[in-house]
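These notes concern the structure reproduced below.
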Protein chains: 2
Amino acid sequence: MSVRFDYGNLIEGNVVGGLVAERLSADLADRFVEVRAHFDAQRAEGRLGFPDLPDARDTLDRISAWAATRAGVYDDVVVLGIGGSGLGATAVKEALLGPFWNGRTEAARGGRPRLHVLDNPDPITTSALLEGLEPDRTLFNVVSKSGATAETMAVYLVAREWVEAAVGPDGTRDHFVFTTDPASGALRTIGDAEGIEMFPVPENVGGRFSVLSAVGLVPAALCGIDVEALLNGAARAVQRCETPKLTENPAGLFATLLHFADVDDGRPIHVLMPYCDRLRPVALWFQQLWAESLGKFVPDGSGRSVGPTPVAASGATDQHSVLQLLMEGPHDKVVILMSVDDPGGDVEIPIRHADVPAIAYLGGHTLGGLLETERRATAEALRRAGRPNGTLTLSRVDASTVGELLMLLQIATVYAGAMYGVDPLDQPGVELGKKLTYGLMGREGAERPVMTEPDGRWVV
Amino acid sequence: MSVRFDYGNLIEGNVVGGLVAERLSADLADRFVEVRAHFDAQRAEGRLGFPDLPDARDTLDRISAWAATRAGVYDDVVVLGIGGSGLGATAVKEALLGPFWNGRTEAARGGRPRLHVLDNPDPITTSALLEGLEPDRTLFNVVSKSGATAETMAVYLVAREWVEAAVGPDGTRDHFVFTTDPASGALRTIGDAEGIEMFPVPENVGGRFSVLSAVGLVPAALCGIDVEALLNGAARAVQRCETPKLTENPAGLFATLLHFADVDDGRPIHVLMPYCDRLRPVALWFQQLWAESLGKFVPDGSGRSVGPTPVAASGATDQHSVLQLLMEGPHDKVVILMSVDDPGGDVEIPIRHADVPAIAYLGGHTLGGLLETERRATAEALRRAGRPNGTLTLSRVDASTVGELLMLLQIATVYAGAMYGVDPLDQPGVELGKKLTYGLMGREGAERPVMTEPDGRWVV
């Protein structure tokens with residue numbers, strides 16, 4: 001087993017545990033049977049596409065084969081994508097290429113390209129990035145399911161002009177690859193017309209559930225990540241989460257306990273805190289997944305709002321930051337720590353300054369040992385303070401385990417959607433902002449909005 | 001005025017506003033007079049040191065003079081610091097050196113060094129960083145007020161050995177600079193014994209309020225940031241926040257409105273969302289500042305817990321993420337957007353694909369214009385959804401304005417501490433985890449803790 005969920009500190013020694021322990025084999029178990037059935041039903045209806053991504057071996061093969069033909073062609077790959085598209089690519093990159101990838105020499109990268117994720121139309125970021133790139137050695141992976149994401153398309157237009165100015169119109173197509181809807185949308189239209197390579201985001205896979213589709217696989221494959229192992233790990237998660245028996249289903253327990261802590265025990269803030277730098281972006285990816293999937297109106301006409309607030313943290317760093325709040329602040333949080341059994345390398349702390357007791361004890365340990373000790377100490381401290389916490393542990397940070405983790409959290413999100421009574425696959429709340437933006441930018445057919453911006457009286 | 005706070009959408013069109021508007025000139029104004037007086041009293045007692053940092057011109061001069069002698073000596077500066085020490089350095093670096101600083105050529109950096117902040121004892125991060133550095137061209141800035149921060153000192157020991165192996169014991173001192181307590185602690189002892197350059201963190205300035213002390217200034221000065229302007233901006237914030245008149249005091253309004261939204265209107269989650277990549281780390285810095293200062297037991301014997309939960313977000317990116325939750329989720333949040341009047345450069349979006357309406361409208365705008373439009377659209381959408389929000393606007397992202405912003409938020413934090421009835425300067429909740437770590441690591445005098453780790457029954 002490569003990802004395990006230890007929920008002992010969610011059960012013992014705190015309020016949630018006192019409330020929930022017995023019920024995991026009683027009503028919550030019964031309810032989970034329904035949640036599981038709902039998941040299968042949505043899948044059977046074809047609404048829920050992401051659990052089938054590990055089986056999409058045609059796409060995998062096509063991506064792998066294409067990436068192989070591109071080996072050595074680019075020094076830099078730039079993903080243009082926002083939200084789940086950008087966060088998923090970053091999570092996979094940091095976890096599996098490791099820290100400072102883009103700072104390494106070509107030899108240290110084994111000839112594989114640097115990978116940048118441009119997830120915001122910030123002019124300074126965009127121009128600074130382009131300044132450091134050679135257009136004839138750069139590939140842009142434009143990711144937009146609809147092909148109309150304003151931020152992504154704006155930066156695409158800039159990148160397009162920049163490439164074309166350098167390599168000429170005929171060579172441009174070799175510097176772009178589109179990841180978009182299989183049949184429609186602006187990117188599809190452009191790609192078809194210009195013979196640009198394209199990979200599909202299945203119609204029933206939304207942006208925030210797309211990391212294991214071409215959205216995540218294309219940049220990963222270009223950088224030599226073992227995308228097959230990523231999908232195999234994800235397949236393992238699907239399999240492990242097939243059981244309707246709650247106490248054997250890791251995603252089921254994750255969703256049940258966090259939902260319970262929120263709704264039945266007033267703990268709506270869910271902190272994900274990896275003790276491993278490579279997994280920091282996974283916490284940010286989870287933040288968007290959990291927030292955008294679950295934070296919404298219950299569609300029962302009541303106008304009732306639900307949804308936990310996920311917070312990404314980082315251990316041990318944030319022991320010198322938000323931990324104070326987690327230990328003593330309001331009882332409105334659950335903390336999920338993350339650890340790694342085998343960090344894949346360690347660093348010995350040398351024995352030095354033996355005459356300085358405040359330091360001397362560190363010598364002879366390892367940095368990895370210190371980090372894991374701090375994780376254990378934090379879990380124990382939270383427990384003693386009556387603060388429910390759990391730990392997700394990866395045996396290693398490799399493609400298979402990361403694939404399993406990402407899939408497990410996505411499945412948990414859909415389960416949680418059923419528990420909250422919302423559709424985890426939609427995001428109606430972001431439409432108004434988009435509509436206002438279209439109107440202000442003068443998009444064809446968009447109404448010019450009447451902005452009721454404050455008149456300036458309330459400014460200091 | 002270089003930082004302004006527009007709180008119109010906190011006043012108009014939502015519940016908070018209905019409750020708070022009149023009271024800003026009534027009881028809340030009266031109360032703020034007391035909060036202001038308490039701030040001055042703490043300052044007079046010498047407890048509260050950070051507002052005096054802009055006047056610490058001796059330290060500034062010493063840092064500037066020393067940094068000048070170090071120009072051209074190092075290719076890489078590595079800050080070893082955790083919590084506020086790391087986050088402050090990163091906030092200043094990203095804001096004022098701009099994106100991809102470490103990826104730029106030496107010429108593009110004007111001969112100034114790269115700047116790394118190693119804020120976690122992660123073995124993979126540490127070894128990957130060292131692998132890319134030349135010991136004889138690297139300076140480590142070790143930042144620990146107590147000189148005993150386990151994570152920082154562990155990495156210091158590793159770095160120390162690594163440097164010494166390359167340059168020999170005699171040359172080692174030129175590759176370290178310590179930022180620590182002016183009189184005591186392990187770092188001070190070592191530095192004194194070995195003649196290592198040291199700069200002080202004043203005794204009455206805690207880690208999370210230290211960004212404008214030597215903690216932030218040393219790395220900034222080494223990278224050629226205008227540290228004098230940083231302090232001048234900070235001094236302006238101190239001055240602007242001197243007035244006891246609430247509606248004229250930006251930090252007072254910030255603290256009052258967020259505290260009110262939490263305590264009187266059930267909105268304990270405070271989201272800071274800059275629409276400017278360079279300010280993303282400021283939001284993370286604010287997260288530790290607000291959380292660690294305010295999240296604690298009220299010291300009245302009641303055992304009552306208070307404290308808002310700050311969340312760092314990023315616009316426009318998170319419009320495709322947490323915005324859904326902000327728009328439709330529970331009414332437990334206040335969102336503070338951040339914008340920049342003049343981003344210091346812009347990028348035109350070329351006119352292309354005129355036949356594709358989903359894209360064509362973007363041409364002729366700029367990326368900066370798009371970003372600001374999205375900020376306005378989000379503020380308006382939140383307002384229409386009855387979600388209170390405000391905007392902090394910087395005229396530019398320069399040293400003076402950033403100094404003002406950082407000081408303003410620190411002052412607001414101390415005001416908020418008084419409103420919540422807690423001491424914003426302590427952090428008793430993090431001690432237990434430290435104690436357990438010391439015990440597990442075998443530090444002299446530390447008791448070996450009895451860990452009540454779960455027995456494995458609750459694992460899946």
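Ordered as shown in the structure tokens, chains take letters A, B, and onward, while each chain numbers its residues from 1 and ligands are numbered from 1 in the order shown.
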Within 8 Å of stretch 199-212 of chain A: each stretch 37-125 of chain A residue with its shortest pair, only C-alpha atoms, as a Markdown table:
| residue | atom | partner | partner_atom | distance |
| --- | --- | --- | --- | --- |
| A:Gly46 | CA | A:Asn204 | CA | 6.9 |
| A:Arg47 | CA | A:Asn204 | CA | 5.6 |
| A:Leu48 | CA | A:Asn204 | CA | 5.9 |
| A:Gly49 | CA | A:Asn204 | CA | 4.8 |
| A:Phe50 | CA | A:Val205 | CA | 5.6 |
| A:Leu53 | CA | A:Leu212 | CA | 6.4 |
| A:Pro54 | CA | A:Leu212 | CA | 7.5 |
| A:Thr59 | CA | A:Phe199 | CA | 7.8 |
| A:Ile63 | CA | A:Phe199 | CA | 7.7 |
| A:Gly83 | CA | A:Arg208 | CA | 7.1 |
| A:Gly84 | CA | A:Arg208 | CA | 4.2 |
| A:Ser85 | CA | A:Gly207 | CA | 5.9 |
| A:Gly88 | CA | A:Val211 | CA | 5.0 |
| A:Ala89 | CA | A:Val211 | CA | 6.8 |
Excluding same-chain residues fewer than 3 positions from stretch 385-388 of chain B, what lies within 12 Å of it counting only C-alpha atoms, as JSON, numbers by chain? {"A": [297, 303, 305, 429, 430, 431, 432, 433], "B": [6, 7, 8, 9, 10, 11, 12, 13, 14, 15, 16, 17, 18, 19, 20, 257, 258, 260, 261, 262, 265, 267, 269, 270, 271, 323, 324, 325, 326, 327, 328, 329, 330, 331, 332, 333, 334, 335, 336, 337, 378, 379, 380, 381, 382, 391]}
What's the 10 Å shell around stretch 232-249 of chain B, counting only C-alpha atoms, without same-chain residues fewer than 2 positions away, as an mmCIF file with C-alpha atoms, in the first residue's frame?
data_model
loop_
_atom_site.group_PDB
_atom_site.id
_atom_site.type_symbol
_atom_site.label_atom_id
_atom_site.label_comp_id
_atom_site.auth_asym_id
_atom_site.auth_seq_id
_atom_site.Cartn_x
_atom_site.Cartn_y
_atom_site.Cartn_z
ATOM 1 C CA TRP A 458 -14.883 54.906 1.898
ATOM 2 C CA VAL A 459 -11.229 55.181 1.134
ATOM 3 C CA VAL A 460 -8.347 55.896 3.439
ATOM 4 C CA MET B 1 -0.463 58.407 -0.710
ATOM 5 C CA SER B 2 0.981 55.138 -1.866
ATOM 6 C CA VAL B 3 -1.159 52.502 -0.130
ATOM 7 C CA PHE B 5 -7.616 50.980 1.611
ATOM 8 C CA LEU B 24 -17.453 53.749 12.656
ATOM 9 C CA SER B 25 -18.182 57.253 13.908
ATOM 10 C CA ALA B 26 -19.643 56.111 17.212
ATOM 11 C CA LEU B 28 -16.092 51.718 17.321
ATOM 12 C CA ALA B 29 -14.379 55.091 16.982
ATOM 13 C CA ASP B 30 -14.363 55.499 20.755
ATOM 14 C CA ARG B 31 -13.014 52.039 21.237
ATOM 15 C CA PHE B 32 -10.285 52.660 18.704
ATOM 16 C CA VAL B 33 -9.074 55.618 20.729
ATOM 17 C CA GLU B 34 -8.344 53.126 23.498
ATOM 18 C CA VAL B 35 -6.721 50.661 21.127
ATOM 19 C CA ARG B 36 -4.483 53.436 19.853
ATOM 20 C CA ALA B 37 -3.572 54.430 23.379
ATOM 21 C CA PHE B 39 -0.462 50.655 21.218
ATOM 22 C CA ASP B 40 1.388 53.766 22.378
ATOM 23 C CA PHE B 50 8.800 47.115 15.320
ATOM 24 C CA PRO B 51 7.276 50.599 14.892
ATOM 25 C CA ASP B 52 10.676 52.019 15.793
ATOM 26 C CA LEU B 53 12.534 50.040 13.160
ATOM 27 C CA PRO B 54 12.275 52.794 10.540
ATOM 28 C CA ASP B 55 14.247 54.994 12.924
ATOM 29 C CA LEU B 212 11.904 45.572 8.568
ATOM 30 C CA VAL B 227 16.446 49.404 1.957
ATOM 31 C CA GLU B 228 16.353 53.048 2.874
ATOM 32 C CA ALA B 229 13.239 53.535 0.765
ATOM 33 C CA LEU B 230 11.754 50.445 2.376
ATOM 34 C CA ALA B 251 -4.550 50.171 9.927
ATOM 35 C CA GLY B 252 -7.279 51.051 12.395
ATOM 36 C CA LEU B 253 -9.993 50.584 9.797
ATOM 37 C CA PHE B 254 -8.444 47.376 8.508
ATOM 38 C CA THR B 256 -11.661 47.209 13.122
ATOM 39 C CA ASP B 398 8.409 49.724 -5.146
ATOM 40 C CA ALA B 399 10.464 49.637 -1.975
ATOM 41 C CA SER B 400 8.752 52.614 -0.413
ATOM 42 C CA THR B 401 5.233 51.321 -1.030
ATOM 43 C CA VAL B 402 6.044 47.785 0.025
ATOM 44 C CA GLY B 403 7.612 49.102 3.237
ATOM 45 C CA GLU B 404 4.464 51.070 3.889
ATOM 46 C CA LEU B 405 2.244 48.053 3.234
ATOM 47 C CA LEU B 406 4.212 45.713 5.490
ATOM 48 C CA MET B 407 4.271 48.231 8.331
ATOM 49 C CA LEU B 408 0.593 49.014 7.921
ATOM 50 C CA LEU B 409 -0.369 45.353 8.197
ATOM 51 C CA GLN B 410 1.852 44.874 11.245
ATOM 52 C CA ILE B 411 0.292 47.859 12.996
ATOM 53 C CA ALA B 412 -3.165 46.548 12.108
#
Going by DSSP on the backbone, which bits of stretch 233-308 of chain A are helix (DSSP H, G or I)? Write them as a ChimeraX atom specification, please. /A:233-240,246-248,250-263,277-294
Within 7 Å of A:Val77, counting only C-alpha atoms, which residues qualify if same-chain residues fewer than 2 places away don't, as a list in words?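 Listed by chain and then number, they are Tyr74, Asp75, Val79, Pro113, Arg114, Leu115, His116, Thr138, Leu139 and Phe140 of chain A.
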Fewer than 3 positions away in the same chain doesn't count, so skip those; otherwise give me all residues within 12 Å of B:Arg104, counting only C-alpha atoms, as a PyMOL selection string. (chain A and resi 102-103+128-133) or (chain B and resi 75+97-101+107-115)
Give the strand (DSSP E) residues of stretch 223-453 of chain B, as assigned by DSSP on the backbone, as a ChimeraX atom specification. /B:269-274,296-297,305-306,309-312,333-342,389-396
Any idea what the distance is between atom CA of B:Ser213 and atom CA of B:Pro182?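 Atom CA of B:Ser213 sits 12.1 Å away from atom CA of B:Pro182.
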